file coords28.cif (mmCIF, C-alpha atoms)
data_entry
#
loop_
_atom_site.group_PDB
_atom_site.id
_atom_site.type_symbol
_atom_site.label_atom_id
_atom_site.label_comp_id
_atom_site.auth_asym_id
_atom_site.auth_seq_id
_atom_site.Cartn_x
_atom_site.Cartn_y
_atom_site.Cartn_z
ATOM 1 C CA MET H 28 88.183 52.408 -129.297
ATOM 2 C CA SER H 29 89.681 49.430 -131.319
ATOM 3 C CA ASP H 30 93.157 50.998 -131.141
ATOM 4 C CA LEU H 31 92.822 51.133 -127.358
ATOM 5 C CA ASP H 32 91.763 47.485 -127.254
ATOM 6 C CA ASP H 33 94.832 46.486 -129.321
ATOM 7 C CA ARG H 34 97.127 48.399 -126.999
ATOM 8 C CA LEU H 35 95.531 46.794 -123.974
ATOM 9 C CA ARG H 36 95.904 43.277 -125.399
ATOM 10 C CA ASN H 37 99.556 43.915 -126.343
ATOM 11 C CA ALA H 38 100.277 45.188 -122.857
ATOM 12 C CA LEU H 39 98.680 42.125 -121.271
ATOM 13 C CA HIS H 40 100.723 39.782 -123.554
ATOM 14 C CA ASP H 41 103.898 41.655 -122.710
ATOM 15 C CA LEU H 42 103.041 41.443 -118.993
ATOM 16 C CA ASN H 43 102.455 37.700 -119.295
ATOM 17 C CA ASP H 44 105.810 37.162 -121.079
ATOM 18 C CA ARG H 45 107.709 39.142 -118.446
ATOM 19 C CA VAL H 46 106.079 37.360 -115.551
ATOM 20 C CA GLY H 47 106.626 33.965 -117.180
ATOM 21 C CA ALA H 48 110.307 34.708 -117.808
ATOM 22 C CA SER H 49 110.935 35.879 -114.273
ATOM 23 C CA VAL H 50 109.028 33.270 -112.242
ATOM 24 C CA PRO H 51 111.491 30.660 -110.872
ATOM 25 C CA THR H 52 110.810 26.969 -110.490
ATOM 26 C CA HIS H 53 110.093 25.515 -107.051
ATOM 27 C CA GLN H 54 113.638 24.300 -106.744
ATOM 28 C CA GLU H 55 115.059 27.670 -107.807
ATOM 29 C CA GLN H 56 113.213 29.433 -105.027
ATOM 30 C CA TRP H 57 115.333 27.411 -102.564
ATOM 31 C CA THR H 58 118.644 27.205 -104.343
ATOM 32 C CA ARG H 59 118.749 30.797 -105.601
ATOM 33 C CA PRO H 60 116.835 33.002 -103.120
ATOM 34 C CA SER H 61 118.662 36.077 -104.353
ATOM 35 C CA ARG H 62 116.334 36.160 -107.420
ATOM 36 C CA THR H 63 113.169 36.788 -105.368
ATOM 37 C CA LEU H 64 113.528 40.591 -105.541
ATOM 38 C CA PRO H 65 114.111 40.705 -109.318
ATOM 39 C CA PHE H 66 110.935 38.630 -109.723
ATOM 40 C CA LEU H 67 108.834 41.244 -107.866
ATOM 41 C CA VAL H 68 110.074 44.227 -109.853
ATOM 42 C CA PRO H 69 108.640 43.260 -113.276
ATOM 43 C CA LEU H 70 105.448 42.011 -111.635
ATOM 44 C CA MET H 71 104.841 45.338 -109.900
ATOM 45 C CA ALA H 72 105.676 47.238 -113.072
ATOM 46 C CA GLY H 73 103.171 45.134 -115.002
ATOM 47 C CA VAL H 74 100.435 45.795 -112.459
ATOM 48 C CA ALA H 75 101.101 49.542 -112.698
ATOM 49 C CA VAL H 76 100.893 49.474 -116.504
ATOM 50 C CA LEU H 77 97.634 47.541 -116.318
ATOM 51 C CA GLY H 78 96.160 50.086 -113.864
ATOM 52 C CA ILE H 79 97.074 52.980 -116.166
ATOM 53 C CA LEU H 80 95.490 51.300 -119.198
ATOM 54 C CA LEU H 81 92.303 50.434 -117.323
ATOM 55 C CA GLY H 82 92.047 54.021 -116.059
ATOM 56 C CA ALA H 83 92.426 55.335 -119.600
ATOM 57 C CA LEU H 84 89.766 52.924 -120.804
ATOM 58 C CA ILE H 85 87.291 54.093 -118.173
ATOM 59 C CA PHE H 86 88.048 57.755 -118.903
ATOM 60 C CA LEU H 87 87.658 57.352 -122.644
ATOM 61 C CA GLY H 88 84.462 55.339 -122.182
ATOM 62 C CA GLN H 89 82.936 58.130 -120.131
ATOM 63 C CA ASP H 90 84.061 60.689 -122.662
ATOM 64 C CA GLN H 91 82.517 58.767 -125.573
ATOM 65 C CA GLY H 92 79.319 58.145 -123.614
ATOM 66 C CA GLY H 93 78.859 61.819 -122.906
ATOM 67 C CA GLU H 94 78.908 63.777 -119.691
ATOM 68 C CA ALA H 95 77.027 62.508 -116.664
ATOM 69 C CA PRO H 96 73.592 64.142 -116.439
ATOM 70 C CA ALA H 97 73.381 67.033 -114.053
ATOM 71 C CA ALA H 98 71.113 66.726 -111.009
ATOM 72 C CA PRO H 99 67.642 68.062 -111.804
ATOM 73 C CA SER H 100 67.087 71.521 -110.427
ATOM 74 C CA ALA H 101 63.983 72.294 -108.351
ATOM 75 C CA LEU H 102 61.263 74.178 -110.142
ATOM 76 C CA PRO H 103 60.976 77.768 -108.942
ATOM 77 C CA THR H 104 58.131 78.435 -106.530
ATOM 78 C CA PRO H 105 55.565 80.649 -108.218
ATOM 79 C CA VAL H 106 55.267 84.066 -106.647
ATOM 80 C CA VAL H 107 51.671 84.983 -105.853
ATOM 81 C CA ASP H 108 50.780 88.563 -105.068
ATOM 82 C CA HIS H 109 48.029 88.161 -102.487
ATOM 83 C CA LEU H 110 47.541 91.918 -102.445
ATOM 84 C CA ASP H 111 46.148 91.549 -105.957
ATOM 85 C CA GLU H 112 42.444 92.383 -105.685
ATOM 86 C CA SER H 113 41.578 89.500 -107.991
ATOM 87 C CA ILE H 114 42.973 86.891 -105.570
ATOM 88 C CA PRO H 115 40.952 85.745 -102.510
ATOM 89 C CA SER H 116 42.628 86.268 -99.166
ATOM 90 C CA GLN H 117 42.074 82.569 -98.367
ATOM 91 C CA SER H 118 41.267 79.503 -100.418
ATOM 92 C CA ALA H 119 38.095 77.518 -99.785
ATOM 93 C CA ALA H 120 40.139 74.793 -98.081
ATOM 94 C CA GLU H 121 41.898 77.296 -95.805
ATOM 95 C CA ALA H 122 38.588 78.912 -94.893
ATOM 96 C CA GLU H 123 37.110 75.503 -94.076
ATOM 97 C CA ARG H 124 40.137 74.649 -91.922
ATOM 98 C CA ASP H 125 39.952 77.910 -89.954
ATOM 99 C CA GLY H 126 36.159 78.101 -89.709
ATOM 100 C CA VAL H 127 36.046 81.345 -91.704
ATOM 101 C CA TYR H 128 32.882 82.316 -93.563
ATOM 102 C CA PRO H 129 33.353 82.046 -97.353
ATOM 103 C CA GLN H 130 32.173 85.629 -97.921
ATOM 104 C CA LEU H 131 35.111 86.823 -95.841
ATOM 105 C CA ALA H 132 37.667 84.435 -97.351
ATOM 106 C CA GLU H 133 36.711 85.568 -100.865
ATOM 107 C CA LEU H 134 37.708 89.157 -100.119
ATOM 108 C CA PRO H 135 41.171 90.235 -101.318
ATOM 109 C CA LEU H 136 43.757 90.614 -98.601
ATOM 110 C CA ALA H 137 43.826 94.409 -98.902
ATOM 111 C CA GLU H 138 40.157 94.535 -97.909
ATOM 112 C CA ARG H 139 40.583 91.893 -95.245
ATOM 113 C CA LEU H 140 43.198 94.092 -93.559
ATOM 114 C CA ILE H 141 41.070 97.242 -93.425
ATOM 115 C CA GLY H 142 41.234 98.886 -90.019
ATOM 116 C CA GLU H 143 43.096 101.601 -88.168
ATOM 117 C CA ASP H 144 44.748 101.647 -84.752
ATOM 118 C CA LEU H 145 44.625 97.857 -84.504
ATOM 119 C CA PRO H 146 47.632 96.063 -82.996
ATOM 120 C CA GLU H 147 50.279 94.185 -84.947
ATOM 121 C CA VAL H 148 53.071 92.179 -83.326
ATOM 122 C CA THR H 149 55.958 90.666 -85.308
ATOM 123 C CA THR H 150 57.231 87.242 -84.202
ATOM 124 C CA PRO H 151 59.450 84.573 -85.808
ATOM 125 C CA GLU H 152 56.379 82.717 -87.101
ATOM 126 C CA GLY H 153 54.864 85.827 -88.693
ATOM 127 C CA VAL H 154 52.857 88.937 -87.930
ATOM 128 C CA TRP H 155 49.967 88.713 -85.472
ATOM 129 C CA THR H 156 47.165 91.229 -85.844
ATOM 130 C CA ILE H 157 43.472 91.823 -85.140
ATOM 131 C CA ARG H 158 40.888 92.767 -87.737
ATOM 132 C CA HIS H 159 37.165 93.517 -87.530
ATOM 133 C CA ALA H 160 34.248 93.112 -89.945
ATOM 134 C CA ASP H 161 34.769 96.652 -91.236
ATOM 135 C CA ALA H 162 35.611 95.198 -94.660
ATOM 136 C CA PHE H 163 31.860 94.786 -95.153
ATOM 137 C CA ASP H 164 31.042 98.478 -94.655
ATOM 138 C CA GLU H 165 30.601 98.800 -98.419
ATOM 139 C CA GLY H 166 28.124 96.455 -100.051
ATOM 140 C CA ASP H 167 26.782 95.193 -96.708
ATOM 141 C CA PRO H 168 26.256 91.403 -97.080
ATOM 142 C CA PHE H 169 24.432 91.018 -93.768
ATOM 143 C CA GLY H 170 20.836 89.836 -93.730
ATOM 144 C CA ALA H 171 17.787 91.420 -92.157
ATOM 145 C CA ASP H 172 18.974 90.380 -88.693
ATOM 146 C CA GLY H 173 22.358 92.016 -89.262
ATOM 147 C CA CYS H 174 24.217 88.702 -89.569
ATOM 148 C CA LEU H 175 25.392 86.283 -92.232
ATOM 149 C CA ALA H 176 23.615 82.984 -92.747
ATOM 150 C CA PRO H 177 25.528 80.021 -91.248
ATOM 151 C CA ALA H 178 27.903 78.344 -93.707
ATOM 152 C CA GLY H 179 28.306 74.815 -92.405
ATOM 153 C CA PRO H 180 28.833 73.195 -88.999
ATOM 154 C CA ALA H 181 32.240 74.776 -88.468
ATOM 155 C CA ARG H 182 30.802 78.196 -89.360
ATOM 156 C CA SER H 183 27.500 78.247 -87.532
ATOM 157 C CA TYR H 184 28.622 80.912 -85.059
ATOM 158 C CA PRO H 185 26.985 84.346 -85.387
ATOM 159 C CA PHE H 186 28.819 86.448 -87.955
ATOM 160 C CA CYS H 187 27.503 89.947 -87.332
ATOM 161 C CA GLY H 188 28.794 93.504 -87.271
ATOM 162 C CA GLU H 189 30.827 92.968 -84.093
ATOM 163 C CA TYR H 190 32.808 90.091 -85.631
ATOM 164 C CA SER H 191 36.581 90.166 -85.197
ATOM 165 C CA GLU H 192 39.436 87.809 -85.955
ATOM 166 C CA VAL H 193 43.051 87.341 -85.035
ATOM 167 C CA LEU H 194 45.243 86.816 -88.113
ATOM 168 C CA LEU H 195 48.687 85.294 -88.416
ATOM 169 C CA LEU H 196 50.237 86.843 -91.520
ATOM 170 C CA SER H 197 53.402 85.837 -93.337
ATOM 171 C CA PRO H 198 56.436 87.904 -92.273
ATOM 172 C CA ASP H 199 56.047 90.127 -95.368
ATOM 173 C CA ARG H 200 52.289 90.500 -94.719
ATOM 174 C CA SER H 201 51.556 89.138 -98.210
ATOM 175 C CA ARG H 202 49.242 86.287 -97.168
ATOM 176 C CA ILE H 203 47.227 84.849 -94.303
ATOM 177 C CA LEU H 204 48.825 81.828 -92.660
ATOM 178 C CA ARG H 205 45.988 81.245 -90.197
ATOM 179 C CA ALA H 206 42.776 83.020 -89.204
ATOM 180 C CA PHE H 207 41.069 82.748 -85.804
ATOM 181 C CA PRO H 208 37.430 83.913 -85.540
ATOM 182 C CA MET H 209 36.782 85.467 -82.144
ATOM 183 C CA ALA H 210 33.668 85.335 -79.984
ATOM 184 C CA ASP H 211 34.015 89.045 -79.168
ATOM 185 C CA ARG H 212 35.279 92.230 -80.775
ATOM 186 C CA MET H 213 38.915 92.047 -79.725
ATOM 187 C CA TYR H 214 41.128 95.131 -79.481
ATOM 188 C CA TRP H 215 44.460 94.250 -77.877
ATOM 189 C CA LEU H 216 47.239 91.676 -78.221
ATOM 190 C CA THR H 217 49.870 90.453 -75.774
ATOM 191 C CA VAL H 218 52.555 88.015 -76.975
ATOM 192 C CA THR H 219 54.449 85.749 -74.562
ATOM 193 C CA PRO H 220 57.007 83.022 -75.377
ATOM 194 C CA ASP H 221 54.244 80.387 -75.430
ATOM 195 C CA ALA H 222 51.059 82.152 -76.491
ATOM 196 C CA VAL H 223 49.288 85.103 -78.020
ATOM 197 C CA TYR H 224 46.614 86.665 -75.799
ATOM 198 C CA CYS H 225 43.894 88.963 -77.054
ATOM 199 C CA GLY H 226 40.988 90.678 -75.373
ATOM 200 C CA HIS H 227 38.070 93.060 -75.212
ATOM 201 C CA ASP H 228 37.516 95.533 -72.407
ATOM 202 C CA GLY H 229 33.788 95.818 -71.803
ATOM 203 C CA ASP H 230 32.310 99.127 -72.922
ATOM 204 C CA GLY H 231 28.903 100.729 -73.419
ATOM 205 C CA GLY H 232 28.131 98.927 -76.671
ATOM 206 C CA LEU H 233 29.594 95.521 -75.735
ATOM 207 C CA PRO H 234 29.657 95.466 -71.921
ATOM 208 C CA ARG H 235 31.092 91.972 -71.448
ATOM 209 C CA SER H 236 34.874 91.609 -71.350
ATOM 210 C CA SER H 237 36.754 88.749 -73.003
ATOM 211 C CA VAL H 238 40.214 87.173 -73.104
ATOM 212 C CA CYS H 239 41.550 84.676 -75.645
ATOM 213 C CA ARG H 240 44.680 82.554 -75.837
ATOM 214 C CA ILE H 241 46.299 81.114 -79.000
ATOM 215 C CA ASP H 242 49.098 78.617 -78.474
ATOM 216 C CA ARG H 243 52.032 79.676 -80.659
ATOM 217 C CA GLU H 244 53.084 76.063 -81.284
ATOM 218 C CA THR H 245 49.812 74.153 -81.673
ATOM 219 C CA LEU H 246 47.659 77.164 -82.673
ATOM 220 C CA ASP H 247 44.899 75.869 -80.381
ATOM 221 C CA VAL H 248 42.450 78.507 -79.152
ATOM 222 C CA VAL H 249 40.814 78.885 -75.767
ATOM 223 C CA GLY H 250 38.711 81.864 -74.749
ATOM 224 C CA VAL H 251 36.585 83.157 -71.919
ATOM 225 C CA GLN H 252 33.853 85.754 -72.010
ATOM 226 C CA PHE H 253 33.105 87.163 -68.594
ATOM 227 C CA ARG H 254 29.550 87.574 -67.380
ATOM 228 C CA CYS H 255 28.054 91.012 -66.929
ATOM 229 C CA PRO H 256 29.619 93.026 -64.113
ATOM 230 C CA GLU H 257 27.406 93.380 -61.107
ATOM 231 C CA GLY H 258 25.220 96.483 -61.021
ATOM 232 C CA LEU H 259 25.553 97.215 -64.757
ATOM 233 C CA ALA H 260 22.002 98.147 -65.768
ATOM 234 C CA ASP H 261 22.419 97.817 -69.534
ATOM 235 C CA CYS H 262 23.918 94.302 -69.387
ATOM 236 C CA SER H 263 22.050 91.073 -68.803
ATOM 237 C CA ASP H 264 23.262 87.507 -69.160
ATOM 238 C CA ASP H 265 21.581 85.578 -71.946
ATOM 239 C CA PRO H 266 20.778 81.974 -70.943
ATOM 240 C CA GLY H 267 21.838 80.907 -74.432
ATOM 241 C CA GLU H 268 25.238 82.616 -74.250
ATOM 242 C CA ALA H 269 27.114 79.405 -73.480
ATOM 243 C CA THR H 270 25.544 77.770 -76.535
ATOM 244 C CA ARG H 271 26.600 80.697 -78.711
ATOM 245 C CA LEU H 272 30.174 80.539 -77.447
ATOM 246 C CA GLY H 273 30.310 76.813 -78.161
ATOM 247 C CA LYS H 274 29.826 77.458 -81.890
ATOM 248 C CA TYR H 275 33.105 79.355 -82.310
ATOM 249 C CA PRO H 276 36.314 77.569 -83.356
ATOM 250 C CA GLY H 277 38.345 76.620 -80.326
ATOM 251 C CA LYS H 278 37.159 76.185 -76.769
ATOM 252 C CA TRP H 279 35.162 79.065 -75.309
ATOM 253 C CA SER H 280 33.485 79.353 -71.916
ATOM 254 C CA LEU H 281 31.655 81.794 -69.641
ATOM 255 C CA GLY H 282 33.611 83.283 -66.756
ATOM 256 C CA ASP H 283 32.766 85.092 -63.565
ATOM 257 C CA PRO H 284 32.088 88.850 -63.824
ATOM 258 C CA VAL H 285 35.107 91.158 -63.946
ATOM 259 C CA ALA H 286 35.410 94.914 -63.738
ATOM 260 C CA GLY H 287 37.391 95.063 -66.993
ATOM 261 C CA ALA H 288 39.927 93.330 -69.223
ATOM 262 C CA ALA H 289 42.125 95.976 -70.808
ATOM 263 C CA SER H 290 45.315 93.897 -70.618
ATOM 264 C CA VAL H 291 46.908 90.771 -69.157
ATOM 265 C CA GLU H 292 50.271 90.048 -67.592
ATOM 266 C CA LEU H 293 51.973 86.893 -66.381
ATOM 267 C CA GLY H 294 53.013 86.945 -62.750
ATOM 268 C CA ASP H 295 53.524 85.020 -59.534
ATOM 269 C CA GLY H 296 50.259 83.582 -58.287
ATOM 270 C CA GLY H 297 51.677 82.365 -55.006
ATOM 271 C CA GLY H 298 53.998 79.600 -56.065
ATOM 272 C CA TYR H 299 52.723 79.136 -59.616
ATOM 273 C CA LEU H 300 52.463 81.194 -62.781
ATOM 274 C CA ALA H 301 49.218 83.130 -63.152
ATOM 275 C CA LEU H 302 47.710 85.330 -65.836
ATOM 276 C CA PHE H 303 46.463 88.535 -64.244
ATOM 277 C CA VAL H 304 43.632 90.373 -65.997
ATOM 278 C CA ARG H 305 43.719 94.136 -65.496
ATOM 279 C CA ASP H 306 41.376 97.022 -66.109
ATOM 280 C CA ALA H 307 42.201 100.262 -67.915
ATOM 281 C CA GLU H 308 43.784 101.657 -64.739
ATOM 282 C CA GLY H 309 46.077 98.658 -64.318
ATOM 283 C CA LYS H 310 44.211 97.098 -61.382
ATOM 284 C CA ASN H 311 43.895 93.322 -61.225
ATOM 285 C CA THR H 312 40.364 92.140 -61.926
ATOM 286 C CA ALA H 313 40.959 88.382 -62.180
ATOM 287 C CA ALA H 314 43.676 85.727 -61.995
ATOM 288 C CA LEU H 315 43.577 82.876 -64.524
ATOM 289 C CA TYR H 316 45.634 79.819 -65.272
ATOM 290 C CA PRO H 317 47.708 80.869 -68.324
ATOM 291 C CA ASP H 318 47.022 77.730 -70.404
ATOM 292 C CA THR H 319 43.308 77.130 -69.807
ATOM 293 C CA LEU H 320 42.048 80.602 -68.780
ATOM 294 C CA GLU H 321 40.193 78.951 -65.915
ATOM 295 C CA PRO H 322 39.981 80.865 -62.610
ATOM 296 C CA ALA H 323 43.226 80.491 -60.650
ATOM 297 C CA LEU H 324 42.887 79.371 -57.045
ATOM 298 C CA PHE H 325 45.065 81.078 -54.442
#
call {"tool": "encode", "arguments": {"input": "coords28.cif", "output": "structure tokens"}}
result
Amino acid sequence: MSDLDDRLRNALHDLNDRVGASVPTHQEQWTRPSRTLPFLVPLMAGVAVLGILLGALIFLGQDQGGEAPAAPSALPTPVVDHLDESIPSQSAAEAERDGVYPQLAELPLAERLIGEDLPEVTTPEGVWTIRHADAFDEGDPFGADGCLAPAGPARSYPFCGEYSEVLLLSPDRSRILRAFPMADRMYWLTVTPDAVYCGHDGDGGLPRSSVCRIDRETLDVVGVQFRCPEGLADCSDDPGEATRLGKYPGKWSLGDPVAGAASVELGDGGGYLALFVRDAEGKNTAALYPDTLEPALF
């Protein structure tokens, strides 16, 4: 480094001598204008030499100081196999967020996904599916009344044998992104650009029909359970049904009786978009507003 300093000082002295020898006096600038160009040549040459030396100094300084540190690389994301039976399907915080009973969240994902002939629909945000409480068939955790004990304000809804949930799984089905407890035993899914609809078509065991809606952007849930169809002897409306529905996550309400709810389809409701509820034969049984599931007025 000292050798470089000596060379730099010598170059600066040499530059000073050349500039001093070539700079004319004030009078010479007027009496001998032809020497203006020769004065610029050594000056420009000196500036160039100075630039080269300074560049070398910077380069050598960086070389002696070592290479610039590389940008820190991001730590790899740990890969978790949620199909591992030792890992809960949801954490305690996720279960609290979704209103899922802890006994269900503690099950491994493989057990949480037990069920045959249940729908699955793949979307950009993940895989939508329905699952029932069949995971509890072995080692029945239900109490004497056939239900689990409430597990906090957000999980005070009845968790019994007819429980079902809509799940949003990661695209590779390796983990649960969100879980949505349902107020009825849902069986079908219909996906539209804005929402996921699910439903239950009333049968002998559970005669009331239901429809749910999950907003694909906000993940807000609204649902309606229809009152008992007229003339159905084995179905009676419980005065406390509205209170029961109010305990489920989301916004649930009681609706007017319908003859069935085997599917839904968006259509023209006379100048506005309507959600038509249909029975197993494809006949319309109700028309709802698609966002709120309230009765549509024609």
call {"tool": "closest_atom_pairs", "arguments": {"input": "coords28.cif", "of": "stretch 202-231 of chain H", "to": "stretch 245-263 of chain H", "cutoff": "12 Å", "atoms": "all atoms listed in the file", "output": "Markdown table"}}
result
| residue | atom | partner | partner_atom | distance |
| --- | --- | --- | --- | --- |
| H:Leu204 | CA | H:Leu246 | CA | 11.1 |
| H:Arg205 | CA | H:Leu246 | CA | 8.7 |
| H:Ala206 | CA | H:Leu246 | CA | 10.0 |
| H:Phe207 | CA | H:Val248 | CA | 8.0 |
| H:Pro208 | CA | H:Val248 | CA | 9.8 |
| H:Met209 | CA | H:Gly250 | CA | 8.4 |
| H:Ala210 | CA | H:Gln252 | CA | 8.0 |
| H:Asp211 | CA | H:Gln252 | CA | 7.9 |
| H:Arg212 | CA | H:Gln252 | CA | 11.0 |
| H:Met213 | CA | H:Gln252 | CA | 11.2 |
| H:Asp221 | CA | H:Thr245 | CA | 9.9 |
| H:Ala222 | CA | H:Leu246 | CA | 8.6 |
| H:Val223 | CA | H:Leu246 | CA | 9.3 |
| H:Tyr224 | CA | H:Gly250 | CA | 9.3 |
| H:Cys225 | CA | H:Gly250 | CA | 9.1 |
| H:Gly226 | CA | H:Gly250 | CA | 9.1 |
| H:His227 | CA | H:Gln252 | CA | 9.0 |
| H:Asp228 | CA | H:Phe253 | CA | 10.2 |
| H:Gly229 | CA | H:Cys255 | CA | 8.9 |
| H:Asp230 | CA | H:Cys262 | CA | 10.3 |
| H:Gly231 | CA | H:Asp261 | CA | 8.1 |
call {"tool": "atom_distance", "arguments": {"input": "coords28.cif", "atom1": "atom CA of H:Gly126", "atom2": "atom CA of H:Val154"}}
result
20.0 Å
call {"tool": "resolve_selection", "arguments": {"input": "coords28.cif", "expression": "the PyMOL selection byres ((chain H and resi 190) around 6)", "output": "MDAnalysis selection string"}}
result
chainID H and resid 159:160 186:189 191 212
call {"tool": "residues_near_point", "arguments": {"input": "coords28.cif", "point": "(43.8, 98.5, -67.0)", "cutoff": "8 Å", "atoms": "only C-alpha atoms", "output": "list in words"}}
result
Gly287, Ala288, Ala289, Ser290, Arg305, Asp306, Ala307, Glu308, Gly309, Lys310 and Asn311 of chain H
call {"tool": "atom_distance", "arguments": {"input": "coords28.cif", "atom1": "atom CA of H:Gly282", "atom2": "atom CA of H:Asp264"}}
result
11.4 Å
call {"tool": "residues_around", "arguments": {"input": "coords28.cif", "residues": "H:Pro198", "least_positions_apart": "3", "cutoff": "8 Å", "atoms": "all atoms listed in the file", "output": "PyMOL selection string"}}
result
chain H and resi 149+151-154+201
call {"tool": "closest_residue", "arguments": {"input": "coords28.cif", "among": "H:Phe169, H:Trp215, H:Phe163, H:Trp279", "to": "H:Leu145", "atoms": "only C-alpha atoms"}}
result
H:Trp215
call {"tool": "closest_residue", "arguments": {"input": "coords28.cif", "among": "H:Gly273, H:Pro266, H:Arg235, H:Glu121", "to": "H:Ala286", "atoms": "all atoms listed in the file"}}
result
H:Arg235
call {"tool": "closest_residue", "arguments": {"input": "coords28.cif", "among": "H:Gly267, H:Leu140, H:Cys174, H:Pro185", "to": "H:Arg200", "atoms": "only C-alpha atoms"}}
result
H:Leu140
call {"tool": "resolve_selection", "arguments": {"input": "coords28.cif", "expression": "the PyMOL selection byres ((chain H and resi 313) around 7)", "output": "count of residues only"}}
result
7
call {"tool": "atom_distance", "arguments": {"input": "coords28.cif", "atom1": "atom CA of H:Val193", "atom2": "atom CA of H:Ser236"}}
result
16.5 Å
call {"tool": "closest_residue", "arguments": {"input": "coords28.cif", "among": "H:Leu136, H:Ile141, H:Cys239, H:Ile203", "to": "H:Pro276", "atoms": "only C-alpha atoms"}}
result
H:Cys239
call {"tool": "decode", "arguments": {"input": "coords28.cif", "residues": "stretch 189-194 of chain H", "atoms": "all heavy atoms", "output": "PDB file, in the first residue's frame"}}
result
ATOM      1  N   GLU H 189     -74.194 -35.952  14.319  1.00  0.00           N
ATOM      2  CA  GLU H 189     -74.523 -35.436  12.990  1.00  0.00           C
ATOM      3  C   GLU H 189     -73.641 -34.261  12.573  1.00  0.00           C
ATOM      4  O   GLU H 189     -73.882 -33.618  11.553  1.00  0.00           O
ATOM      5  CB  GLU H 189     -75.989 -35.004  12.928  1.00  0.00           C
ATOM      6  CG  GLU H 189     -76.370 -33.860  13.844  1.00  0.00           C
ATOM      7  CD  GLU H 189     -76.844 -34.342  15.212  1.00  0.00           C
ATOM      8  OE1 GLU H 189     -76.600 -35.508  15.555  1.00  0.00           O
ATOM      9  OE2 GLU H 189     -77.452 -33.530  15.939  1.00  0.00           O
ATOM     10  N   TYR H 190     -72.606 -33.972  13.382  1.00  0.00           N
ATOM     11  CA  TYR H 190     -71.713 -32.855  13.071  1.00  0.00           C
ATOM     12  C   TYR H 190     -71.071 -33.035  11.694  1.00  0.00           C
ATOM     13  O   TYR H 190     -70.705 -34.137  11.279  1.00  0.00           O
ATOM     14  CB  TYR H 190     -70.608 -32.761  14.130  1.00  0.00           C
ATOM     15  CG  TYR H 190     -69.505 -31.772  13.796  1.00  0.00           C
ATOM     16  CD1 TYR H 190     -69.633 -30.432  14.117  1.00  0.00           C
ATOM     17  CD2 TYR H 190     -68.332 -32.189  13.155  1.00  0.00           C
ATOM     18  CE1 TYR H 190     -68.626 -29.512  13.825  1.00  0.00           C
ATOM     19  CE2 TYR H 190     -67.319 -31.284  12.861  1.00  0.00           C
ATOM     20  CZ  TYR H 190     -67.472 -29.949  13.194  1.00  0.00           C
ATOM     21  OH  TYR H 190     -66.470 -29.059  12.902  1.00  0.00           O
ATOM     22  N   SER H 191     -70.908 -31.910  10.995  1.00  0.00           N
ATOM     23  CA  SER H 191     -70.146 -31.903   9.745  1.00  0.00           C
ATOM     24  C   SER H 191     -69.420 -30.579   9.636  1.00  0.00           C
ATOM     25  O   SER H 191     -69.757 -29.606  10.321  1.00  0.00           O
ATOM     26  CB  SER H 191     -71.054 -32.117   8.527  1.00  0.00           C
ATOM     27  OG  SER H 191     -71.829 -30.961   8.275  1.00  0.00           O
ATOM     28  N   GLU H 192     -68.416 -30.543   8.779  1.00  0.00           N
ATOM     29  CA  GLU H 192     -67.630 -29.336   8.579  1.00  0.00           C
ATOM     30  C   GLU H 192     -67.201 -29.240   7.134  1.00  0.00           C
ATOM     31  O   GLU H 192     -67.008 -30.255   6.454  1.00  0.00           O
ATOM     32  CB  GLU H 192     -66.404 -29.323   9.491  1.00  0.00           C
ATOM     33  CG  GLU H 192     -65.464 -30.491   9.273  1.00  0.00           C
ATOM     34  CD  GLU H 192     -64.332 -30.552  10.298  1.00  0.00           C
ATOM     35  OE1 GLU H 192     -64.296 -29.700  11.198  1.00  0.00           O
ATOM     36  OE2 GLU H 192     -63.489 -31.463  10.190  1.00  0.00           O
ATOM     37  N   VAL H 193     -67.077 -28.028   6.667  1.00  0.00           N
ATOM     38  CA  VAL H 193     -66.458 -27.764   5.371  1.00  0.00           C
ATOM     39  C   VAL H 193     -65.007 -27.410   5.645  1.00  0.00           C
ATOM     40  O   VAL H 193     -64.716 -26.591   6.522  1.00  0.00           O
ATOM     41  CB  VAL H 193     -67.177 -26.620   4.631  1.00  0.00           C
ATOM     42  CG1 VAL H 193     -66.432 -26.273   3.342  1.00  0.00           C
ATOM     43  CG2 VAL H 193     -68.611 -27.006   4.311  1.00  0.00           C
ATOM     44  N   LEU H 194     -64.090 -28.022   4.903  1.00  0.00           N
ATOM     45  CA  LEU H 194     -62.654 -27.794   5.082  1.00  0.00           C
ATOM     46  C   LEU H 194     -62.075 -27.171   3.821  1.00  0.00           C
ATOM     47  O   LEU H 194     -62.431 -27.562   2.704  1.00  0.00           O
ATOM     48  CB  LEU H 194     -61.919 -29.098   5.381  1.00  0.00           C
ATOM     49  CG  LEU H 194     -62.307 -29.849   6.652  1.00  0.00           C
ATOM     50  CD1 LEU H 194     -61.539 -31.154   6.737  1.00  0.00           C
ATOM     51  CD2 LEU H 194     -62.051 -28.994   7.890  1.00  0.00           C
TER      52      LEU H 194
END
